[in-house]
file protein-v1.cif (mmCIF, N, CA and C atoms)
data_query
loop_
_atom_site.label_atom_id
_atom_site.label_comp_id
_atom_site.auth_asym_id
_atom_site.auth_seq_id
_atom_site.Cartn_x
_atom_site.Cartn_y
_atom_site.Cartn_z
N MET M 87 0.85 -1.19 0.00
CA MET M 87 0.00 0.00 0.00
C MET M 87 0.89 1.25 0.00
N LYS M 88 0.57 2.18 -0.86
CA LYS M 88 1.36 3.42 -0.95
C LYS M 88 0.92 4.40 0.12
N THR M 89 1.88 5.17 0.60
CA THR M 89 1.58 6.22 1.56
C THR M 89 1.87 7.57 0.91
N LYS M 90 1.19 8.56 1.37
CA LYS M 90 1.34 9.92 0.83
C LYS M 90 2.36 10.68 1.66
N MET M 91 3.41 11.15 0.99
CA MET M 91 4.45 11.92 1.65
C MET M 91 4.32 13.38 1.22
N THR M 92 4.57 14.30 2.13
CA THR M 92 4.53 15.72 1.78
C THR M 92 5.81 16.40 2.25
N HIS M 93 6.15 17.45 1.53
CA HIS M 93 7.33 18.26 1.86
C HIS M 93 6.96 19.72 1.62
N ALA M 94 7.10 20.57 2.63
CA ALA M 94 6.75 21.98 2.48
C ALA M 94 7.67 22.64 1.46
N LEU M 95 7.09 23.37 0.50
CA LEU M 95 7.86 24.09 -0.52
C LEU M 95 7.99 25.57 -0.19
N CYS M 96 6.86 26.20 0.14
CA CYS M 96 6.88 27.64 0.43
C CYS M 96 5.53 28.05 0.99
N ALA M 97 5.49 29.26 1.50
CA ALA M 97 4.22 29.84 1.96
C ALA M 97 3.42 30.29 0.75
N LEU M 98 2.10 30.16 0.82
CA LEU M 98 1.24 30.58 -0.28
C LEU M 98 1.45 32.05 -0.60
N ASP M 99 1.55 32.89 0.42
CA ASP M 99 1.69 34.33 0.16
C ASP M 99 3.08 34.72 -0.35
N ALA M 100 4.01 33.76 -0.45
CA ALA M 100 5.32 34.03 -1.05
C ALA M 100 5.26 33.95 -2.58
N ILE M 101 4.12 33.47 -3.09
CA ILE M 101 3.91 33.37 -4.54
C ILE M 101 2.99 34.53 -4.94
N PRO M 102 3.41 35.37 -5.88
CA PRO M 102 2.52 36.46 -6.28
C PRO M 102 1.22 35.89 -6.88
N ASP M 103 0.08 36.43 -6.48
CA ASP M 103 -1.19 35.99 -7.05
C ASP M 103 -1.18 36.29 -8.54
N GLY M 104 -1.35 35.26 -9.36
CA GLY M 104 -1.29 35.41 -10.81
C GLY M 104 0.12 35.25 -11.36
N GLY M 105 1.06 34.88 -10.49
CA GLY M 105 2.45 34.76 -10.91
C GLY M 105 3.08 33.47 -10.45
N GLY M 106 4.41 33.46 -10.44
CA GLY M 106 5.15 32.25 -10.09
C GLY M 106 6.35 32.54 -9.22
N ARG M 107 6.83 31.48 -8.58
CA ARG M 107 8.00 31.57 -7.72
C ARG M 107 8.85 30.32 -7.94
N ALA M 108 10.16 30.50 -7.99
CA ALA M 108 11.10 29.38 -8.11
C ALA M 108 11.32 28.78 -6.73
N VAL M 109 11.33 27.45 -6.67
CA VAL M 109 11.60 26.74 -5.43
C VAL M 109 12.54 25.59 -5.75
N ALA M 110 13.60 25.44 -4.98
CA ALA M 110 14.54 24.34 -5.17
C ALA M 110 13.91 23.03 -4.69
N LEU M 111 14.01 22.00 -5.53
CA LEU M 111 13.54 20.67 -5.14
C LEU M 111 14.68 19.87 -4.54
N ASP M 112 15.87 20.09 -5.07
CA ASP M 112 17.09 19.48 -4.56
C ASP M 112 18.25 20.34 -5.06
N SER M 113 19.46 19.87 -4.93
CA SER M 113 20.61 20.71 -5.30
C SER M 113 20.73 20.94 -6.80
N LYS M 114 20.02 20.16 -7.63
CA LYS M 114 20.13 20.30 -9.09
C LYS M 114 18.84 20.72 -9.78
N THR M 115 17.73 20.57 -9.11
CA THR M 115 16.43 20.76 -9.76
C THR M 115 15.61 21.82 -9.03
N SER M 116 15.00 22.70 -9.81
CA SER M 116 14.06 23.66 -9.23
C SER M 116 12.72 23.54 -9.96
N CYS M 117 11.72 24.09 -9.33
CA CYS M 117 10.40 24.11 -9.97
C CYS M 117 9.86 25.53 -9.91
N VAL M 118 8.84 25.76 -10.71
CA VAL M 118 8.10 27.01 -10.64
C VAL M 118 6.74 26.67 -10.04
N VAL M 119 6.39 27.38 -8.97
CA VAL M 119 5.08 27.20 -8.35
C VAL M 119 4.24 28.39 -8.80
N LEU M 120 3.11 28.09 -9.43
CA LEU M 120 2.20 29.11 -9.96
C LEU M 120 0.98 29.23 -9.07
N ARG M 121 0.42 30.42 -9.03
CA ARG M 121 -0.73 30.66 -8.13
C ARG M 121 -1.78 31.52 -8.81
N ARG M 122 -3.03 31.15 -8.57
CA ARG M 122 -4.18 31.99 -8.90
C ARG M 122 -5.14 31.88 -7.72
N GLY M 123 -5.19 32.92 -6.89
CA GLY M 123 -6.00 32.86 -5.68
C GLY M 123 -5.43 31.80 -4.75
N ASP M 124 -6.28 30.83 -4.38
CA ASP M 124 -5.84 29.74 -3.52
C ASP M 124 -5.43 28.50 -4.31
N ALA M 125 -5.52 28.55 -5.64
CA ALA M 125 -5.14 27.41 -6.47
C ALA M 125 -3.65 27.49 -6.79
N VAL M 126 -2.96 26.35 -6.72
CA VAL M 126 -1.53 26.29 -7.01
C VAL M 126 -1.21 25.11 -7.93
N TRP M 127 -0.18 25.31 -8.75
CA TRP M 127 0.34 24.27 -9.64
C TRP M 127 1.85 24.39 -9.61
N ALA M 128 2.54 23.29 -9.88
CA ALA M 128 4.01 23.35 -9.92
C ALA M 128 4.52 22.49 -11.07
N TYR M 129 5.59 22.97 -11.68
CA TYR M 129 6.23 22.27 -12.80
C TYR M 129 7.74 22.40 -12.66
N GLU M 130 8.46 21.42 -13.21
CA GLU M 130 9.91 21.56 -13.25
C GLU M 130 10.23 22.84 -14.02
N ASN M 131 11.22 23.55 -13.56
CA ASN M 131 11.63 24.81 -14.21
C ASN M 131 12.50 24.46 -15.42
N ARG M 132 11.84 23.87 -16.43
CA ARG M 132 12.55 23.44 -17.63
C ARG M 132 11.59 23.46 -18.81
N CYS M 133 11.94 24.24 -19.83
CA CYS M 133 11.13 24.31 -21.04
C CYS M 133 11.35 23.04 -21.86
N PRO M 134 10.28 22.42 -22.37
CA PRO M 134 10.45 21.21 -23.18
C PRO M 134 11.10 21.47 -24.54
N HIS M 135 11.20 22.73 -24.94
CA HIS M 135 11.78 23.06 -26.23
C HIS M 135 13.28 22.73 -26.29
N PHE M 136 14.05 23.26 -25.35
CA PHE M 136 15.50 23.01 -25.31
C PHE M 136 16.00 22.59 -23.94
N SER M 137 15.08 22.20 -23.04
CA SER M 137 15.45 21.80 -21.67
C SER M 137 16.27 22.87 -20.95
N ILE M 138 15.83 24.11 -21.10
CA ILE M 138 16.47 25.23 -20.41
C ILE M 138 15.47 25.83 -19.42
N PRO M 139 15.94 26.58 -18.43
CA PRO M 139 15.01 27.17 -17.45
C PRO M 139 13.99 28.10 -18.12
N LEU M 140 12.81 28.16 -17.52
CA LEU M 140 11.74 29.02 -18.02
C LEU M 140 11.97 30.49 -17.69
N ASP M 141 12.79 30.76 -16.68
CA ASP M 141 13.08 32.13 -16.28
C ASP M 141 14.43 32.57 -16.85
N PHE M 142 14.48 33.80 -17.35
CA PHE M 142 15.73 34.35 -17.89
C PHE M 142 16.62 34.82 -16.75
N GLU M 143 16.04 35.62 -15.87
CA GLU M 143 16.69 36.01 -14.63
C GLU M 143 16.18 35.03 -13.56
N PRO M 144 17.05 34.44 -12.77
CA PRO M 144 16.60 33.46 -11.78
C PRO M 144 15.44 33.97 -10.92
N GLY M 145 14.36 33.19 -10.92
CA GLY M 145 13.19 33.51 -10.10
C GLY M 145 12.24 34.53 -10.68
N GLN M 146 12.53 35.08 -11.88
CA GLN M 146 11.66 36.07 -12.51
C GLN M 146 10.89 35.42 -13.65
N PHE M 147 9.60 35.15 -13.43
CA PHE M 147 8.77 34.47 -14.41
C PHE M 147 7.80 35.43 -15.06
N CYS M 148 7.57 35.23 -16.34
CA CYS M 148 6.60 36.04 -17.09
C CYS M 148 5.28 35.30 -17.12
N THR M 149 4.24 35.93 -16.58
CA THR M 149 2.90 35.34 -16.60
C THR M 149 1.91 36.35 -17.18
N TYR M 150 0.81 35.83 -17.72
CA TYR M 150 -0.19 36.68 -18.35
C TYR M 150 -1.58 36.29 -17.90
N ASP M 151 -2.37 37.29 -17.54
CA ASP M 151 -3.78 37.11 -17.17
C ASP M 151 -3.99 36.03 -16.11
N SER M 152 -3.03 35.82 -15.24
CA SER M 152 -3.14 34.81 -14.19
C SER M 152 -3.48 33.43 -14.76
N ALA M 153 -3.06 33.19 -16.01
CA ALA M 153 -3.44 31.95 -16.68
C ALA M 153 -2.32 31.31 -17.48
N LEU M 154 -1.34 32.11 -17.91
CA LEU M 154 -0.30 31.60 -18.80
C LEU M 154 1.09 31.92 -18.27
N LEU M 155 1.99 30.96 -18.40
CA LEU M 155 3.40 31.12 -18.07
C LEU M 155 4.17 31.14 -19.38
N MET M 156 5.03 32.13 -19.56
CA MET M 156 5.80 32.22 -20.80
C MET M 156 7.25 31.87 -20.55
N CYS M 157 7.82 31.04 -21.43
CA CYS M 157 9.25 30.77 -21.38
C CYS M 157 9.96 32.05 -21.81
N ALA M 158 10.86 32.52 -20.97
CA ALA M 158 11.54 33.79 -21.24
C ALA M 158 12.54 33.69 -22.40
N HIS M 159 12.88 32.49 -22.82
CA HIS M 159 13.88 32.32 -23.89
C HIS M 159 13.26 32.23 -25.28
N HIS M 160 12.12 31.54 -25.41
CA HIS M 160 11.54 31.31 -26.73
C HIS M 160 10.08 31.72 -26.83
N SER M 161 9.54 32.32 -25.78
CA SER M 161 8.16 32.83 -25.75
C SER M 161 7.09 31.76 -25.87
N ALA M 162 7.42 30.52 -25.57
CA ALA M 162 6.39 29.48 -25.52
C ALA M 162 5.43 29.80 -24.38
N MET M 163 4.15 29.55 -24.60
CA MET M 163 3.11 29.87 -23.62
C MET M 163 2.49 28.58 -23.07
N PHE M 164 2.49 28.45 -21.73
CA PHE M 164 2.00 27.26 -21.05
C PHE M 164 0.85 27.62 -20.13
N ARG M 165 -0.21 26.80 -20.16
CA ARG M 165 -1.36 27.02 -19.26
C ARG M 165 -0.98 26.66 -17.83
N PHE M 166 -1.44 27.46 -16.88
CA PHE M 166 -1.22 27.17 -15.46
C PHE M 166 -1.78 25.78 -15.10
N GLU M 167 -3.01 25.49 -15.53
CA GLU M 167 -3.75 24.32 -15.07
C GLU M 167 -3.10 22.99 -15.40
N ASP M 168 -2.48 22.88 -16.58
CA ASP M 168 -1.96 21.57 -16.99
C ASP M 168 -0.57 21.63 -17.60
N GLY M 169 0.04 22.82 -17.68
CA GLY M 169 1.39 22.94 -18.23
C GLY M 169 1.47 22.73 -19.72
N HIS M 170 0.33 22.64 -20.39
CA HIS M 170 0.29 22.38 -21.83
C HIS M 170 0.70 23.64 -22.61
N CYS M 171 1.59 23.48 -23.59
CA CYS M 171 2.03 24.60 -24.42
C CYS M 171 0.99 24.87 -25.49
N ILE M 172 0.44 26.09 -25.49
CA ILE M 172 -0.60 26.43 -26.46
C ILE M 172 -0.08 27.30 -27.59
N ASP M 173 1.16 27.81 -27.46
CA ASP M 173 1.73 28.65 -28.51
C ASP M 173 3.24 28.69 -28.35
N GLY M 174 3.93 28.70 -29.48
CA GLY M 174 5.39 28.79 -29.44
C GLY M 174 6.05 27.59 -30.10
N PRO M 175 7.37 27.52 -30.02
CA PRO M 175 8.11 26.49 -30.74
C PRO M 175 7.87 25.06 -30.24
N CYS M 176 7.33 24.89 -29.05
CA CYS M 176 7.06 23.54 -28.54
C CYS M 176 5.56 23.31 -28.37
N GLU M 177 4.75 23.98 -29.19
CA GLU M 177 3.29 23.85 -29.12
C GLU M 177 2.90 22.38 -29.12
N GLY M 178 2.01 22.02 -28.18
CA GLY M 178 1.56 20.64 -28.04
C GLY M 178 2.33 19.87 -26.98
N ALA M 179 3.51 20.32 -26.63
CA ALA M 179 4.29 19.68 -25.56
C ALA M 179 3.76 20.16 -24.21
N ALA M 180 4.31 19.63 -23.14
CA ALA M 180 3.87 20.04 -21.80
C ALA M 180 5.04 20.07 -20.84
N LEU M 181 4.89 20.90 -19.83
CA LEU M 181 5.86 20.95 -18.74
C LEU M 181 5.71 19.70 -17.88
N THR M 182 6.76 19.35 -17.15
CA THR M 182 6.73 18.20 -16.25
C THR M 182 6.11 18.63 -14.93
N ARG M 183 4.97 18.03 -14.61
CA ARG M 183 4.20 18.42 -13.43
C ARG M 183 4.83 17.89 -12.14
N ILE M 184 4.75 18.72 -11.11
CA ILE M 184 5.12 18.34 -9.75
C ILE M 184 3.81 18.39 -8.95
N ASP M 185 3.44 17.30 -8.31
CA ASP M 185 2.20 17.28 -7.54
C ASP M 185 2.34 18.13 -6.28
N VAL M 186 1.41 19.07 -6.13
CA VAL M 186 1.41 19.96 -4.95
C VAL M 186 -0.01 20.11 -4.44
N GLU M 187 -0.09 20.54 -3.19
CA GLU M 187 -1.38 20.91 -2.60
C GLU M 187 -1.14 22.03 -1.61
N CYS M 188 -2.17 22.82 -1.43
CA CYS M 188 -2.11 23.93 -0.48
C CYS M 188 -2.94 23.55 0.73
N ARG M 189 -2.31 23.61 1.90
CA ARG M 189 -3.01 23.37 3.16
C ARG M 189 -2.72 24.56 4.05
N GLY M 190 -3.80 25.24 4.41
CA GLY M 190 -3.63 26.47 5.19
C GLY M 190 -2.88 27.48 4.37
N ASP M 191 -1.77 27.97 4.90
CA ASP M 191 -1.01 28.99 4.17
C ASP M 191 0.31 28.44 3.62
N THR M 192 0.40 27.10 3.47
CA THR M 192 1.64 26.47 3.00
C THR M 192 1.37 25.59 1.78
N VAL M 193 2.31 25.63 0.82
CA VAL M 193 2.25 24.77 -0.37
C VAL M 193 3.19 23.60 -0.13
N TYR M 194 2.66 22.39 -0.34
CA TYR M 194 3.41 21.16 -0.12
C TYR M 194 3.58 20.38 -1.41
N ARG M 195 4.76 19.78 -1.58
CA ARG M 195 4.97 18.80 -2.63
C ARG M 195 4.40 17.48 -2.11
N VAL M 196 3.67 16.76 -2.96
CA VAL M 196 3.03 15.53 -2.57
C VAL M 196 3.58 14.40 -3.43
N SER M 197 3.93 13.30 -2.81
CA SER M 197 4.37 12.13 -3.58
C SER M 197 3.91 10.87 -2.89
N ASP M 198 3.71 9.85 -3.69
CA ASP M 198 3.35 8.53 -3.17
C ASP M 198 4.62 7.71 -3.03
N THR M 199 4.75 7.02 -1.94
CA THR M 199 5.89 6.15 -1.75
C THR M 199 5.43 4.79 -1.27
N ASP M 200 6.19 3.79 -1.61
CA ASP M 200 5.90 2.44 -1.10
C ASP M 200 6.61 2.29 0.24
N PRO M 201 5.93 1.74 1.22
CA PRO M 201 6.59 1.54 2.52
C PRO M 201 7.71 0.53 2.39
N VAL M 202 8.73 0.70 3.20
CA VAL M 202 9.88 -0.21 3.16
C VAL M 202 9.62 -1.42 4.00
#
call {"tool": "encode", "arguments": {"input": "protein-v1.cif", "output": "structure tokens"}}
result
Amino acid sequence: MKTKMTHALCALDAIPDGGGRAVALDSKTSCVVLRRGDAVWAYENRCPHFSIPLDFEPGQFCTYDSALLMCAHHSAMFRFEDGHCIDGPCEGAALTRIDVECRGDTVYRVSDTDPV
């Protein structure tokens, strides 16, 4: 039976409403946590076009209408809800999702693990 593991990523109010925030997952990988009101989504900070970070300046993400995340390098546009690219050089591709949930004022990474 799998158990649900959680790891705190950041406070909800540390993410601009309608924007994104970079959060380190480990020493080599970061993610972008996106927010609209109390809804949150997270994706690896890597564009599927050339596997480069989505932010040009570290931690500075371009978002539009609290709905779209733009890759700062190639202007690919990704939906907050599912990470699907709707415009740009990688149209039809998607960002790699990180499962998250918001409880109270904290955003947690959620993963299933098998007990040892």
call {"tool": "resolve_selection", "arguments": {"input": "protein-v1.cif", "expression": "the PyMOL selection byres ((chain M and resi 95) around 7)", "output": "VMD selection string"}}
result
chain M and resid 93 to 94 96 to 97 109 192 to 195
call {"tool": "resolve_selection", "arguments": {"input": "protein-v1.cif", "expression": "the PyMOL selection byres ((chain M and resi 164) around 8)", "output": "ChimeraX atom specification"}}
result
/M:153-157,161-163,165-174,179-181
call {"tool": "resolve_selection", "arguments": {"input": "protein-v1.cif", "expression": "the PyMOL selection byres (((chain M and resi 110 and name CA) around 12) and name CA)", "output": "list in words"}}
result
His93, Ala94, Leu95, Cys96, Arg107, Ala108, Val109, Leu111, Asp112, Ser113, Lys114, Thr115, Ser116, Cys117, Val118, Val119, Ala128, Tyr129, Glu130, Asn131, Pro144, Gly145 and Arg195 of chain M
call {"tool": "closest_residue", "arguments": {"input": "protein-v1.cif", "among": "M:Thr92, M:Cys188, M:Asp103, M:Pro139", "to": "Val126 of chain M", "atoms": "only N, CA and C atoms"}}
result
M:Cys188
call {"tool": "closest_residue", "arguments": {"input": "protein-v1.cif", "among": "M:Gly178, M:Gly106, M:Ser137, M:Ala125", "to": "Thr149 of chain M", "atoms": "only N, CA and C atoms"}}
result
M:Gly106
call {"tool": "atom_distance", "arguments": {"input": "protein-v1.cif", "atom1": "atom N of Cys148 of chain M", "atom2": "atom CA of Gly104 of chain M"}}
result
10.4 Å
call {"tool": "atom_distance", "arguments": {"input": "protein-v1.cif", "atom1": "atom CA of Gly105 of chain M", "atom2": "atom CA of Trp127 of chain M"}}
result
10.8 Å
call {"tool": "select_by_dssp", "arguments": {"input": "protein-v1.cif", "residues": "segment 91-181 of chain M", "states": "strand (DSSP E or B)", "output": "number ranges by chain"}}
result
M: 91-97, 106-110, 116-122, 125-130, 148-150, 154-156, 163-165, 170-173, 180
call {"tool": "atom_distance", "arguments": {"input": "protein-v1.cif", "atom1": "atom C of Thr89 of chain M", "atom2": "atom N of Glu187 of chain M"}}
result
13.7 Å
